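Visitor: Sending over start_8.tsv (TSV, C-alpha atoms).
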chain	number	residue	atom	x	y	z
A	1	MET	CA	-16.80	18.52	6.51
A	2	ILE	CA	-15.61	15.47	4.57
A	3	THR	CA	-18.39	13.73	2.68
A	4	THR	CA	-18.49	9.94	2.66
A	5	LEU	CA	-20.54	6.90	1.63
A	6	LEU	CA	-20.86	3.51	3.33
A	7	ILE	CA	-21.18	0.55	0.95
A	8	ASP	CA	-21.69	-2.84	2.60
A	9	ASP	CA	-24.31	-5.56	2.31
A	10	ASP	CA	-24.40	-5.90	6.12
A	11	LYS	CA	-26.64	-3.25	7.67
A	12	ASN	CA	-25.19	-3.97	11.12
A	13	LEU	CA	-21.73	-3.11	9.87
A	14	ARG	CA	-22.99	0.09	8.24
A	15	ASP	CA	-24.68	1.08	11.50
A	16	GLY	CA	-21.51	0.26	13.43
A	17	MET	CA	-19.38	2.34	11.07
A	18	ARG	CA	-21.84	5.22	11.42
A	19	GLU	CA	-21.43	5.13	15.20
A	20	LEU	CA	-17.65	4.83	15.06
A	21	LEU	CA	-17.29	7.73	12.62
A	22	SER	CA	-19.62	9.97	14.61
A	23	PHE	CA	-17.50	9.39	17.72
A	24	TYR	CA	-13.95	9.25	16.30
A	25	ALA	CA	-14.30	11.44	13.20
A	26	PRO	CA	-17.10	13.99	13.63
A	27	ASP	CA	-15.75	15.95	10.65
A	28	ILE	CA	-16.76	13.08	8.34
A	29	GLN	CA	-20.34	13.43	7.14
A	30	ILE	CA	-22.11	10.31	5.87
A	31	ILE	CA	-24.23	11.45	2.92
A	32	GLY	CA	-25.46	8.07	1.71
A	33	GLU	CA	-25.34	4.27	1.88
A	34	ALA	CA	-25.57	1.33	-0.52
A	35	GLU	CA	-25.66	-2.44	-0.16
A	36	ASP	CA	-24.70	-3.84	-3.56
A	37	VAL	CA	-22.77	-3.13	-6.75
A	38	GLU	CA	-25.65	-1.59	-8.69
A	39	SER	CA	-26.75	0.82	-5.95
A	40	GLY	CA	-23.12	1.54	-5.05
A	41	VAL	CA	-22.24	2.68	-8.57
A	42	ALA	CA	-25.40	4.79	-8.74
A	43	VAL	CA	-24.92	6.54	-5.41
A	44	ILE	CA	-21.21	7.29	-5.97
A	45	ASP	CA	-21.98	8.65	-9.43
A	46	LYS	CA	-24.81	10.79	-8.11
A	47	LEU	CA	-23.35	12.15	-4.84
A	48	LYS	CA	-19.62	12.18	-5.76
A	49	PRO	CA	-18.35	11.75	-2.17
A	50	GLN	CA	-14.83	12.59	-1.14
A	51	VAL	CA	-14.45	9.22	0.61
A	52	VAL	CA	-16.05	5.78	0.17
A	53	PHE	CA	-15.85	3.03	2.79
A	54	LEU	CA	-16.27	0.00	0.56
A	55	ASP	CA	-16.76	-3.67	1.44
A	56	ILE	CA	-15.06	-6.18	-0.87
A	57	GLN	CA	-17.71	-8.91	-0.86
A	58	LEU	CA	-21.20	-7.73	-1.82
A	59	ASN	CA	-24.35	-9.72	-2.61
A	60	ASP	CA	-24.15	-9.14	-6.37
A	61	GLY	CA	-20.38	-8.87	-6.84
A	62	THR	CA	-17.40	-7.10	-5.28
A	63	GLY	CA	-16.20	-3.64	-4.41
A	64	PHE	CA	-13.71	-4.04	-7.24
A	65	ASP	CA	-16.65	-4.37	-9.65
A	66	ILE	CA	-17.89	-0.97	-8.49
A	67	LEU	CA	-14.51	0.63	-9.22
A	68	GLU	CA	-14.30	-1.09	-12.62
A	69	GLN	CA	-17.75	0.18	-13.64
A	70	LEU	CA	-16.97	3.72	-12.48
A	71	ALA	CA	-13.65	3.65	-14.35
A	72	LYS	CA	-15.38	2.56	-17.56
A	73	LYS	CA	-18.10	5.16	-17.12
A	74	ASN	CA	-16.08	8.17	-15.98
A	75	GLY	CA	-12.51	7.34	-16.97
A	76	LYS	CA	-11.22	7.50	-13.40
A	77	THR	CA	-12.19	7.36	-9.74
A	78	THR	CA	-12.44	10.70	-7.96
A	79	SER	CA	-13.15	9.46	-4.42
A	80	HIS	CA	-10.68	8.25	-1.81
A	81	ILE	CA	-11.41	4.54	-1.30
A	82	VAL	CA	-11.07	2.72	2.02
A	83	PHE	CA	-11.77	-1.01	1.72
A	84	ILE	CA	-13.39	-2.94	4.55
A	85	THR	CA	-12.57	-6.62	4.41
A	86	ALA	CA	-12.25	-9.89	6.20
A	87	HIS	CA	-8.69	-11.25	6.27
A	88	GLU	CA	-8.25	-11.96	2.57
A	89	GLU	CA	-4.51	-12.24	1.99
A	90	TYR	CA	-4.47	-11.63	-1.75
A	91	ALA	CA	-6.62	-8.49	-1.49
A	92	ILE	CA	-4.59	-7.11	1.41
A	93	LYS	CA	-1.36	-7.66	-0.51
A	94	ALA	CA	-2.88	-5.84	-3.50
A	95	PHE	CA	-3.93	-2.95	-1.23
A	96	ARG	CA	-0.45	-2.64	0.22
A	97	PHE	CA	1.24	-2.60	-3.19
A	98	SER	CA	-1.29	0.02	-4.32
A	99	ALA	CA	-0.93	2.21	-1.19
A	100	LEU	CA	-4.66	1.87	-0.55
A	101	ASP	CA	-6.11	2.07	2.93
A	102	PHE	CA	-8.11	-0.83	4.32
A	103	LEU	CA	-9.83	-1.84	7.55
A	104	LEU	CA	-10.22	-5.41	8.76
A	105	LYS	CA	-13.52	-6.66	10.13
A	106	PRO	CA	-14.46	-6.16	12.90
A	107	VAL	CA	-13.29	-2.57	12.56
A	108	ASP	CA	-10.87	-1.54	15.30
A	109	PRO	CA	-11.39	2.06	16.53
A	110	ASP	CA	-7.62	2.68	16.75
A	111	GLU	CA	-7.12	1.52	13.15
A	112	LEU	CA	-10.06	3.68	12.05
A	113	GLU	CA	-8.45	6.75	13.64
A	114	ILE	CA	-5.19	6.04	11.80
A	115	VAL	CA	-7.02	5.67	8.46
A	116	VAL	CA	-9.05	8.83	9.04
A	117	GLY	CA	-5.81	10.73	9.67
A	118	LYS	CA	-4.48	9.46	6.32
A	119	ILE	CA	-7.71	10.47	4.60
A	120	ARG	CA	-7.34	14.06	5.76
A	121	GLY	CA	-3.77	14.14	4.44
A	122	VAL	CA	-4.70	12.66	1.05
A	123	LEU	CA	-7.60	15.06	0.52
A	124	GLU	CA	-5.32	18.02	1.23
A	125	LYS	CA	-3.02	16.87	-1.59
A	126	ASN	CA	-5.86	16.57	-4.13
A	127	ASP	CA	-4.39	13.31	-5.43
A	128	SER	CA	-5.01	11.90	-8.91
A	129	TYR	CA	-5.84	8.42	-7.50
A	130	ALA	CA	-3.61	6.69	-10.04
A	131	HIS	CA	-2.96	4.03	-7.39
A	132	ILE	CA	-6.57	2.86	-7.77
A	133	ASP	CA	-5.79	2.11	-11.43
A	134	LEU	CA	-2.82	0.08	-10.19
A	135	LEU	CA	-5.06	-1.86	-7.81
A	136	LEU	CA	-7.52	-2.69	-10.58
A	137	GLU	CA	-4.64	-3.70	-12.85
A	138	ASN	CA	-3.42	-6.16	-10.21
A	139	ILE	CA	-6.89	-7.49	-9.41
A	140	ARG	CA	-7.68	-8.05	-13.12
A	141	LYS	CA	-4.53	-10.10	-13.62
A	142	LYS	CA	-5.26	-12.22	-10.54
A	143	VAL	CA	-1.59	-13.04	-10.16
A	144	ASP	CA	0.57	-12.97	-7.05
A	145	ASN	CA	3.49	-11.31	-8.81
A	146	PHE	CA	2.91	-7.57	-8.65
A	147	LYS	CA	5.08	-5.59	-11.07
A	148	ARG	CA	4.51	-2.07	-9.76
A	149	ILE	CA	4.23	-0.45	-6.35
A	150	ALA	CA	2.62	2.81	-5.23
A	151	LEU	CA	4.63	4.88	-2.75
A	152	THR	CA	3.10	7.73	-0.76
A	153	THR	CA	5.38	10.73	-0.20
A	154	ALA	CA	4.76	14.16	1.30
A	155	ASP	CA	3.68	15.50	-2.10
A	156	GLY	CA	1.48	12.63	-3.35
A	157	ILE	CA	1.38	9.03	-4.52
A	158	HIS	CA	3.89	7.80	-7.09
A	159	LEU	CA	4.02	4.52	-9.03
A	160	TYR	CA	7.27	2.65	-9.67
A	161	GLU	CA	8.37	-0.65	-11.16
A	162	VAL	CA	9.37	-3.02	-8.36
A	163	SER	CA	12.30	-4.16	-10.52
A	164	ASP	CA	13.66	-0.57	-10.58
A	165	ILE	CA	14.07	-0.36	-6.79
A	166	ILE	CA	17.79	-0.68	-6.02
A	167	ARG	CA	17.62	-0.56	-2.25
A	168	CYS	CA	15.75	0.78	0.76
A	169	GLU	CA	17.25	2.42	3.83
A	170	GLY	CA	15.39	2.66	7.12
A	171	GLU	CA	15.65	5.32	9.82
A	172	ASP	CA	13.16	5.14	12.71
A	173	ASN	CA	9.67	5.25	11.15
A	174	TYR	CA	10.87	6.35	7.71
A	175	THR	CA	12.19	4.47	4.69
A	176	THR	CA	14.21	6.02	1.87
A	177	PHE	CA	13.84	4.35	-1.53
A	178	TYR	CA	16.69	4.46	-4.02
A	179	ILE	CA	15.19	3.86	-7.44
A	180	LYS	CA	16.85	3.49	-10.82
A	181	ASN	CA	16.93	6.81	-12.75
A	182	ASN	CA	15.05	8.62	-9.98
A	183	LYS	CA	15.89	10.80	-7.00
A	184	PRO	CA	15.66	9.14	-3.56
A	185	ILE	CA	12.19	9.36	-2.03
A	186	VAL	CA	11.23	9.21	1.65
A	187	ILE	CA	8.20	7.24	2.84
A	188	SER	CA	6.74	7.48	6.34
A	189	LYS	CA	6.68	3.72	6.93
A	190	THR	CA	9.15	1.41	8.61
A	191	LEU	CA	11.68	-0.68	6.72
A	192	LYS	CA	10.13	-3.80	8.26
A	193	GLU	CA	6.85	-3.14	6.43
A	194	TYR	CA	8.64	-3.07	3.09
A	195	GLU	CA	10.78	-6.07	3.99
A	196	GLU	CA	7.54	-8.05	4.46
A	197	LEU	CA	6.15	-6.75	1.19
A	198	LEU	CA	9.24	-7.17	-1.01
A	199	SER	CA	11.04	-10.21	0.39
A	200	GLU	CA	9.54	-12.57	-2.22
A	201	TYR	CA	10.67	-10.26	-5.05
A	202	GLY	CA	14.41	-10.78	-4.61
A	203	PHE	CA	14.92	-8.30	-1.77
A	204	GLU	CA	17.03	-9.19	1.24
A	205	ARG	CA	17.43	-7.46	4.61
A	206	ILE	CA	21.20	-7.39	5.16
A	207	HIS	CA	21.30	-4.99	8.08
A	208	GLN	CA	19.00	-3.25	10.54
A	209	LYS	CA	18.94	-0.23	8.19
A	210	HIS	CA	19.31	-1.82	4.76
A	211	LEU	CA	17.05	-3.81	2.44
A	212	ILE	CA	18.58	-4.51	-0.97
A	213	ASN	CA	17.43	-5.78	-4.34
A	214	LEU	CA	19.83	-8.64	-5.04
A	215	ALA	CA	19.59	-7.90	-8.77
A	216	TYR	CA	21.61	-4.72	-8.14
A	217	LEU	CA	24.26	-6.30	-5.90
A	218	LYS	CA	27.64	-5.52	-7.49
A	219	SER	CA	30.14	-7.15	-5.14
A	220	TYR	CA	30.66	-8.66	-1.70
A	221	VAL	CA	33.85	-7.62	0.09
A	222	LYS	CA	35.00	-9.77	3.03
A	223	LYS	CA	37.66	-7.43	4.42
A	224	GLU	CA	37.03	-4.72	7.03
A	225	GLY	CA	34.30	-6.75	8.66
A	226	GLY	CA	32.48	-7.36	5.41
A	227	TYR	CA	30.37	-5.08	3.26
A	228	ILE	CA	28.64	-5.04	-0.11
A	229	VAL	CA	28.75	-2.64	-3.03
A	230	MET	CA	25.55	-1.91	-4.93
A	231	SER	CA	25.18	-0.92	-8.60
A	232	ASP	CA	24.94	2.75	-7.53
A	233	ASN	CA	28.40	2.25	-5.93
A	234	LYS	CA	27.02	2.64	-2.42
A	235	GLN	CA	28.89	0.57	0.18
A	236	LEU	CA	26.59	-1.01	2.76
A	237	PRO	CA	27.44	-2.87	5.96
A	238	ILE	CA	26.25	-6.42	6.62
A	239	SER	CA	25.09	-7.47	10.05
A	240	GLN	CA	26.99	-10.45	11.50
A	241	ARG	CA	23.95	-12.73	11.56
A	242	LYS	CA	23.15	-12.00	7.89
A	243	LYS	CA	26.58	-12.79	6.44
A	244	GLU	CA	26.15	-16.54	6.07
A	245	ARG	CA	22.72	-16.25	4.44
A	246	LEU	CA	23.93	-13.53	2.06
A	247	GLN	CA	26.89	-15.66	0.95
A	248	GLU	CA	24.51	-18.55	0.27
A	249	LEU	CA	22.24	-16.28	-1.78
A	250	ILE	CA	25.20	-14.96	-3.79
A	251	LYS	CA	26.30	-18.52	-4.62
A	252	ALA	CA	22.78	-19.28	-5.84
A	253	LEU	CA	22.64	-16.22	-8.14
How does this structure look as structure tokens?

Guide:
Amino acid sequence: MITTLLIDDDKNLRDGMRELLSFYAPDIQIIGEAEDVESGVAVIDKLKPQVVFLDIQLNDGTGFDILEQLAKKNGKTTSHIVFITAHEEYAIKAFRFSALDFLLKPVDPDELEIVVGKIRGVLEKNDSYAHIDLLLENIRKKVDNFKRIALTTADGIHLYEVSDIIRCEGEDNYTTFYIKNNKPIVISKTLKEYEELLSEYGFERIHQKHLINLAYLKSYVKKEGGYIVMSDNKQLPISQRKKERLQELIKAL
């Protein structure tokens, strides 16, 4: 059994989550509940659950406050955190950069099943939860310009500087990251997801399979249908509909 806590100031939501988990994830055992920051810190510290379903907005603070207090007290978080939130764009962006799972209210059963599947995988890896430190770092700064990103691979979660990502290559539901001074890593997410996440950081989708960091663009070659050369000397094709925009971006660099 996987032990879990429900922390939310809305009893109806806690009751609803209890019903959903009992039906869709009977291997998850709810061992406690809390409704605010103070009781949340106390119950996590006492019961040490494997998983915490944590609301962002609580009566006396936020779910982030709980994580901050636990970090100060114990040095690190040892539970897998799943945030439950209304549609708060900044928080969701922070979650995605930190590779943290989240559920939107009202909780959709299909989304819950997906998250529960991820939970089982993470617990098998016995992760260090360094991505929670990254989340807190981003939340503390309260800026929209995230410097680092957490990427989940088959062997765990790894943190990289966004500025070190040279390019991304998509293949079906997988994306390969090519990162400065690192071996390529494969992530089980689509290229479209990372295009949405990285487009405001100088990344451009030039082809169905290729998302590039313009900072590492070495040259644009017009012959043979047109292609680019990246700083790692990789030649990449450009889709016909992207050529005009790419030439405009190059002129602006």

Visitor: Calculated over all atoms listed in the file, which of the candidates A:Ala25, A:Leu214, A:Ile66, A:Ile56 has the smallest distance to Leu104 (chain A)?

Guide: A:Ile56

Visitor: May I ask for the distance between CA of Asp9 (chain A) and CA of His80 (chain A), given in Å to one decimal place?

Guide: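 Rounded to one decimal, the two atoms are 19.8 Å apart.
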
Visitor: Which centre and edge lengths in Å to one decimal define the box along x, y and z that fits every listed atom of region 149-152 of chain A plus 5 Å per side, as lines of an AutoDock Vina configuration file?

Guide:
center_x = 3.6
center_y = 3.6
center_z = -3.6
size_x = 12.0
size_y = 18.2
size_z = 15.6

Visitor: Between A:Leu20, A:Leu217, A:Met1, A:Ile149, single out the one closest to Asp108 (chain A), counting all atoms listed in the file.

Guide: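 For Asp108 (chain A), the nearest of the given residues is A:Leu20.
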
Visitor: If I take CA of Glu195 (chain A) and CA of Glu248 (chain A), how far is one from the other in Å, to one decimal?

Guide: 18.9 Å

Visitor: From the list A:Val229, A:Ile206, A:Ile2, A:Leu21, which residue is nearest Glu124 (chain A) when using all atoms listed in the file?

Guide: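 Smallest separation from Glu124 (chain A) among the options: A:Ile2.
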
Visitor: Do you have the CA of Gly63 (chain A)-CA of Thr152 (chain A) distance handy?

Guide: 22.7 Å

Visitor: Looking at only C-alpha atoms, which of A:Ala42, A:Ile165, A:Leu249, A:Leu70 is the one that sits closest to Lys183 (chain A)?

Guide: A:Ile165

Visitor: Which residues, written as a list in words, have at least one atom at most 12 Å from Ala86 (chain A), with all atoms listed in the file counted and residues fewer than 3 positions away on the same chain left out?

Guide: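 So, after excluding close chain neighbours, the residues are Asp55, Ile56, Gln57, Phe83, Glu89, Tyr90, Ala91, Ile92, Phe102, Leu103, Leu104, Lys105, Pro106 and Val107 of chain A.
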
Visitor: Which residues, written as a list in words, have at least one atom at most 12 Å from Gly32 (chain A), with all atoms listed in the file counted and residues fewer than 3 positions away on the same chain left out?

Guide: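 Residues meeting the cut-off are Thr3, Thr4, Leu5, Leu6, Ile7, Asp8, Arg14, Arg18, Gln29, Glu35, Ser39, Gly40, Ala42, Val43, Ile44, Asp45, Lys46, Leu47, Lys48, Pro49, Gln50, Val51, Val52 and Phe53 of chain A.
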
Visitor: Pick from A:Asn138, A:Asp10, A:Ala99, A:Asp27: nearest to Leu54 (chain A), with only C-alpha atoms counted?

Guide: A:Asp10

Visitor: My list of candidates is A:Tyr216, A:Tyr201, A:Phe95, A:Tyr194. Which is closest to Asn173 (chain A) when distances are computed with only C-alpha atoms?

Guide: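 Using only C-alpha atoms, the shortest distance to Asn173 (chain A) belongs to A:Tyr194.
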
Visitor: Residues near Phe146 (chain A), anyone? I mean within 10 Å using only C-alpha atoms, not counting same-chain ones fewer than 4 positions away, as a PyMOL selection string.

Guide: chain A and resi 93-94+97-98+134-135+137-139+141-142+161-162+198+201

Visitor: Excluding Tyr160 (chain A) and its own-chain neighbours fewer than 6 positions away, which residues fall within 8 Å of it when counting all atoms listed in the file? Please give them as a PDB file with C-alpha atoms, in the coordinates of the input.

Guide:
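Contents of selection16.pdb, as written:
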ATOM      1  CA  ARG A 148       4.510  -2.070  -9.760  1.00  0.00           C
ATOM      2  CA  ILE A 149       4.230  -0.450  -6.350  1.00  0.00           C
ATOM      3  CA  ALA A 150       2.620   2.810  -5.230  1.00  0.00           C
ATOM      4  CA  LEU A 151       4.630   4.880  -2.750  1.00  0.00           C
TER       5      LEU A 151
END

Visitor: Would you kindly return, as a PyMOL selection string, each protein, DNA or RNA residue with an atom no farther than 9 Å from any atom of Leu67 (chain A), considering all atoms listed in the file and excluding same-chain residues fewer than 3 positions away?

Guide: chain A and resi 41+63-64+70-72+76-77+132+136

Visitor: Residues of region 138-238 of chain A that approach region 112-122 of chain A to 12 Å or less, counting only C-alpha atoms: could you list each one with the shortest pair of atoms and its distance in Å to one decimal, rows by chain and increasing residue number, as JSON lines?

Guide:
{"residue": "A:Thr152", "atom": "CA", "partner": "A:Val122", "partner_atom": "CA", "distance": 9.4}
{"residue": "A:Thr153", "atom": "CA", "partner": "A:Val122", "partner_atom": "CA", "distance": 10.3}
{"residue": "A:Ala154", "atom": "CA", "partner": "A:Gly121", "partner_atom": "CA", "distance": 9.1}
{"residue": "A:Asp155", "atom": "CA", "partner": "A:Val122", "partner_atom": "CA", "distance": 9.4}
{"residue": "A:Gly156", "atom": "CA", "partner": "A:Val122", "partner_atom": "CA", "distance": 7.6}
{"residue": "A:Ile157", "atom": "CA", "partner": "A:Val122", "partner_atom": "CA", "distance": 9.0}
{"residue": "A:Ser188", "atom": "CA", "partner": "A:Lys118", "partner_atom": "CA", "distance": 11.4}

Visitor: Only N, CA, C and O atoms needed: put region 80-97 of chain A from the block into a file as a compact mmCIF listing (two decimals), in the first residue's frame.

Guide:
# COMPACT_ATOMS: atom_id res chain seq x y z
N HIS A 80 6.29 12.46 -1.89
CA HIS A 80 5.95 12.89 -3.25
C HIS A 80 4.76 13.83 -3.14
O HIS A 80 3.73 13.49 -2.56
N ILE A 81 4.89 15.03 -3.72
CA ILE A 81 3.85 16.05 -3.59
C ILE A 81 3.04 16.14 -4.88
O ILE A 81 3.58 16.23 -5.98
N VAL A 82 1.71 16.10 -4.73
CA VAL A 82 0.80 16.37 -5.84
C VAL A 82 -0.05 17.56 -5.44
O VAL A 82 -0.82 17.49 -4.48
N PHE A 83 0.10 18.68 -6.14
CA PHE A 83 -0.67 19.88 -5.82
C PHE A 83 -2.07 19.80 -6.43
O PHE A 83 -2.26 19.28 -7.53
N ILE A 84 -3.03 20.31 -5.68
CA ILE A 84 -4.40 20.45 -6.17
C ILE A 84 -4.68 21.94 -6.22
O ILE A 84 -4.51 22.64 -5.23
N THR A 85 -5.09 22.44 -7.37
CA THR A 85 -5.18 23.89 -7.52
C THR A 85 -6.28 24.30 -8.47
O THR A 85 -6.72 23.52 -9.33
N ALA A 86 -6.76 25.52 -8.29
CA ALA A 86 -7.59 26.15 -9.30
C ALA A 86 -6.63 26.55 -10.42
O ALA A 86 -5.41 26.35 -10.31
N HIS A 87 -7.14 27.13 -11.49
CA HIS A 87 -6.28 27.43 -12.64
C HIS A 87 -5.46 28.69 -12.37
O HIS A 87 -5.82 29.80 -12.75
N GLU A 88 -4.32 28.50 -11.69
CA GLU A 88 -3.43 29.60 -11.38
C GLU A 88 -2.20 29.48 -12.28
O GLU A 88 -1.34 28.62 -12.07
N GLU A 89 -2.13 30.33 -13.30
CA GLU A 89 -1.15 30.17 -14.36
C GLU A 89 0.29 30.15 -13.86
O GLU A 89 1.10 29.33 -14.29
N TYR A 90 0.62 31.08 -12.95
CA TYR A 90 2.00 31.14 -12.48
C TYR A 90 2.39 29.84 -11.78
O TYR A 90 3.46 29.28 -12.03
N ALA A 91 1.51 29.35 -10.89
CA ALA A 91 1.81 28.12 -10.15
C ALA A 91 1.95 26.94 -11.09
O ALA A 91 2.87 26.13 -10.95
N ILE A 92 1.06 26.85 -12.07
CA ILE A 92 1.10 25.72 -13.01
C ILE A 92 2.39 25.75 -13.81
O ILE A 92 3.03 24.72 -14.05
N LYS A 93 2.81 26.93 -14.23
CA LYS A 93 4.07 27.07 -14.96
C LYS A 93 5.23 26.62 -14.08
O LYS A 93 6.13 25.90 -14.54
N ALA A 94 5.21 27.01 -12.81
CA ALA A 94 6.26 26.59 -11.87
C ALA A 94 6.27 25.08 -11.70
O ALA A 94 7.33 24.46 -11.62
N PHE A 95 5.08 24.48 -11.62
CA PHE A 95 4.99 23.01 -11.49
C PHE A 95 5.60 22.33 -12.71
O PHE A 95 6.34 21.35 -12.58
N ARG A 96 5.29 22.84 -13.88
CA ARG A 96 5.77 22.20 -15.11
C ARG A 96 7.29 22.31 -15.23
O ARG A 96 7.95 21.36 -15.66
N PHE A 97 7.85 23.45 -14.86
CA PHE A 97 9.31 23.60 -14.90
C PHE A 97 9.98 22.72 -13.85
O PHE A 97 11.13 22.32 -14.00
